[in-house]
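Participant: Have a look at the structure that comes next, please.
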Amino acid sequence: MNSGLGRVKTLKGTANLLIYASIFLGAVLLIQLFALVPFWLFYSILAGWIAYVIVALAVAKGLKMAYPLSLVLAILTLAVSLPRSEHYSLIQAGLSLPSLTFIAGSVLQVAVILTVSSYLFMTRGDRVHVH
C-alpha cells in the first residue's frame with residue numbers, strides 16, 4: 001500500500017471518530033444543560049447538535065462534502081463557546097462534570113479542525129481517493 005494513501009486513510013478514520021465523538025459529547029452536554037439554561041438557549045444548542053448529527057450521517061455515508069461542513073461546525077462551536085466567561089468560571093470553580101465537558105469539548109473541536117483540515121489538504125483536487 002502506498003504510504004501516502006495509508007496516511008490519508010488514517011486521517012480520514014481519525015476525523016470520522018472525532019466527528020462521532022463530538023456527537024456523543026454533545027449529547028452529554030445537552031443532558032447537562034437541559035435544567036440549567038433558558039429554553040431558547042437549550043434549543044439553539046440542540047439545533048447545533050442536530051446539524052452535527054446530520055454531518056455525522058453524511059460522514060457515515062461517505063459524502064466528501066461532510067468534511068468541510070464538520071470543519072465549519074467545529075469552528076462555530078469554538079467561536080460561540082470560548083468567549084463565554086461562564087465557561088471559565090466553571091473551570092475556576094474546580095473540576096466537575098460540566099467543566100470537564102467544556103474542556104473535553106473544546107479540545108475535541110480543535111482536534112476536529114486540525115484533523116479535518118489535514119485530511120482536506122491531503123485530498124485537495126481529488127488527487128487521492130479514499131473509500
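Labels used: A, B, ... for chains in the order of the C-alpha cells, numbers from 1 for residues in each chain, and numbers from 1 for ligands as shown.
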For region 55-57 of chain A, please output as a count of residues only all residues within 12 Å (counting only C-alpha atoms; exclusion window: fewer than 2 positions along the same chain).
Facilitator: 32
Participant: Once DSSP has gone over the backbone, tell me which residues of region 24-124 of chain A are in helix (DSSP H, G or I), as a PDB file with C-alpha atoms, in the first residue's frame.
Facilitator:
ATOM      1  CA  PHE A  24     -21.579  11.730  21.849  1.00  0.00           C
ATOM      2  CA  LEU A  25     -20.108  14.599  23.875  1.00  0.00           C
ATOM      3  CA  GLY A  26     -22.787  16.934  22.522  1.00  0.00           C
ATOM      4  CA  ALA A  27     -25.457  14.581  23.850  1.00  0.00           C
ATOM      5  CA  VAL A  28     -23.758  14.610  27.259  1.00  0.00           C
ATOM      6  CA  LEU A  29     -23.734  18.411  27.135  1.00  0.00           C
ATOM      7  CA  LEU A  30     -27.422  18.584  26.211  1.00  0.00           C
ATOM      8  CA  ILE A  31     -28.353  16.376  29.167  1.00  0.00           C
ATOM      9  CA  GLN A  32     -26.380  18.657  31.499  1.00  0.00           C
ATOM     10  CA  LEU A  33     -27.828  21.863  30.070  1.00  0.00           C
ATOM     11  CA  PHE A  39     -35.259  27.094  26.862  1.00  0.00           C
ATOM     12  CA  TRP A  40     -34.227  29.366  23.980  1.00  0.00           C
ATOM     13  CA  LEU A  41     -30.559  28.663  24.669  1.00  0.00           C
ATOM     14  CA  PHE A  42     -31.134  24.935  25.068  1.00  0.00           C
ATOM     15  CA  TYR A  43     -32.983  24.772  21.743  1.00  0.00           C
ATOM     16  CA  SER A  44     -30.303  26.770  19.926  1.00  0.00           C
ATOM     17  CA  ILE A  45     -27.647  24.368  21.239  1.00  0.00           C
ATOM     18  CA  LEU A  46     -29.889  21.447  20.284  1.00  0.00           C
ATOM     19  CA  ALA A  47     -30.141  22.860  16.748  1.00  0.00           C
ATOM     20  CA  GLY A  48     -26.348  22.966  16.508  1.00  0.00           C
ATOM     21  CA  TRP A  49     -26.131  19.401  17.777  1.00  0.00           C
ATOM     22  CA  ILE A  50     -28.704  18.264  15.186  1.00  0.00           C
ATOM     23  CA  ALA A  51     -26.581  19.925  12.482  1.00  0.00           C
ATOM     24  CA  TYR A  52     -23.588  17.940  13.767  1.00  0.00           C
ATOM     25  CA  VAL A  53     -25.674  14.722  13.691  1.00  0.00           C
ATOM     26  CA  ILE A  54     -26.603  15.414  10.054  1.00  0.00           C
ATOM     27  CA  VAL A  55     -22.932  15.946   9.207  1.00  0.00           C
ATOM     28  CA  ALA A  56     -22.009  12.721  11.038  1.00  0.00           C
ATOM     29  CA  LEU A  57     -24.616  10.846   9.000  1.00  0.00           C
ATOM     30  CA  ALA A  58     -23.117  12.324   5.830  1.00  0.00           C
ATOM     31  CA  VAL A  59     -19.666  11.192   7.014  1.00  0.00           C
ATOM     32  CA  ALA A  60     -21.042   7.688   7.638  1.00  0.00           C
ATOM     33  CA  ALA A  66     -19.382  16.380   5.075  1.00  0.00           C
ATOM     34  CA  TYR A  67     -15.769  17.184   5.950  1.00  0.00           C
ATOM     35  CA  PRO A  68     -15.822  20.914   5.119  1.00  0.00           C
ATOM     36  CA  LEU A  69     -19.182  21.145   6.920  1.00  0.00           C
ATOM     37  CA  SER A  70     -17.711  19.482  10.015  1.00  0.00           C
ATOM     38  CA  LEU A  71     -14.877  21.999   9.897  1.00  0.00           C
ATOM     39  CA  VAL A  72     -17.366  24.893   9.807  1.00  0.00           C
ATOM     40  CA  LEU A  73     -19.360  23.420  12.711  1.00  0.00           C
ATOM     41  CA  ALA A  74     -16.233  22.882  14.825  1.00  0.00           C
ATOM     42  CA  ILE A  75     -15.104  26.475  14.230  1.00  0.00           C
ATOM     43  CA  LEU A  76     -18.587  27.817  15.011  1.00  0.00           C
ATOM     44  CA  THR A  77     -18.756  25.712  18.169  1.00  0.00           C
ATOM     45  CA  LEU A  78     -15.490  27.191  19.437  1.00  0.00           C
ATOM     46  CA  ALA A  79     -16.422  30.698  18.321  1.00  0.00           C
ATOM     47  CA  VAL A  80     -19.631  30.521  20.341  1.00  0.00           C
ATOM     48  CA  SER A  81     -18.322  28.723  23.429  1.00  0.00           C
ATOM     49  CA  SER A  85     -16.935  33.928  30.689  1.00  0.00           C
ATOM     50  CA  GLU A  86     -19.350  31.495  32.349  1.00  0.00           C
ATOM     51  CA  HIS A  87     -17.384  28.606  30.921  1.00  0.00           C
ATOM     52  CA  TYR A  88     -14.178  29.803  32.540  1.00  0.00           C
ATOM     53  CA  SER A  89     -15.979  30.311  35.841  1.00  0.00           C
ATOM     54  CA  LEU A  90     -16.852  26.615  35.729  1.00  0.00           C
ATOM     55  CA  ILE A  91     -13.188  25.718  35.386  1.00  0.00           C
ATOM     56  CA  GLN A  92     -12.114  28.103  38.150  1.00  0.00           C
ATOM     57  CA  LEU A  97     -18.701  17.171  35.016  1.00  0.00           C
ATOM     58  CA  PRO A  98     -19.662  20.486  33.345  1.00  0.00           C
ATOM     59  CA  SER A  99     -16.088  21.832  33.437  1.00  0.00           C
ATOM     60  CA  LEU A 100     -14.706  18.547  32.125  1.00  0.00           C
ATOM     61  CA  THR A 101     -17.321  18.558  29.365  1.00  0.00           C
ATOM     62  CA  PHE A 102     -16.300  22.098  28.368  1.00  0.00           C
ATOM     63  CA  ILE A 103     -12.593  21.224  28.353  1.00  0.00           C
ATOM     64  CA  ALA A 104     -13.100  17.932  26.502  1.00  0.00           C
ATOM     65  CA  GLY A 105     -15.454  19.563  24.007  1.00  0.00           C
ATOM     66  CA  SER A 106     -13.032  22.386  23.262  1.00  0.00           C
ATOM     67  CA  VAL A 107     -10.095  20.002  22.820  1.00  0.00           C
ATOM     68  CA  LEU A 108     -12.255  17.753  20.654  1.00  0.00           C
ATOM     69  CA  GLN A 109     -13.279  20.636  18.385  1.00  0.00           C
ATOM     70  CA  VAL A 110      -9.637  21.714  17.980  1.00  0.00           C
ATOM     71  CA  ALA A 111      -8.785  18.094  17.095  1.00  0.00           C
ATOM     72  CA  VAL A 112     -11.616  18.027  14.517  1.00  0.00           C
ATOM     73  CA  ILE A 113     -10.313  21.263  12.988  1.00  0.00           C
ATOM     74  CA  LEU A 114      -6.720  20.018  12.780  1.00  0.00           C
ATOM     75  CA  THR A 115      -7.556  16.532  11.539  1.00  0.00           C
ATOM     76  CA  VAL A 116     -10.209  17.519   9.014  1.00  0.00           C
ATOM     77  CA  SER A 117      -8.048  20.386   7.722  1.00  0.00           C
ATOM     78  CA  SER A 118      -5.143  17.975   7.244  1.00  0.00           C
ATOM     79  CA  TYR A 119      -7.395  15.450   5.511  1.00  0.00           C
ATOM     80  CA  LEU A 120      -8.836  18.101   3.195  1.00  0.00           C
ATOM     81  CA  PHE A 121      -5.361  19.425   2.433  1.00  0.00           C
ATOM     82  CA  MET A 122      -4.057  15.959   1.572  1.00  0.00           C
ATOM     83  CA  ARG A 124      -7.356  18.586  -2.318  1.00  0.00           C
TER      84      ARG A 124
END
Participant: So how far away is CA of Thr123 (chain A) from CA of Thr14 (chain A), in Å?
Facilitator: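 Atom-to-atom, CA of Thr14 (chain A) to CA of Thr123 (chain A), that is 14.7 Å.
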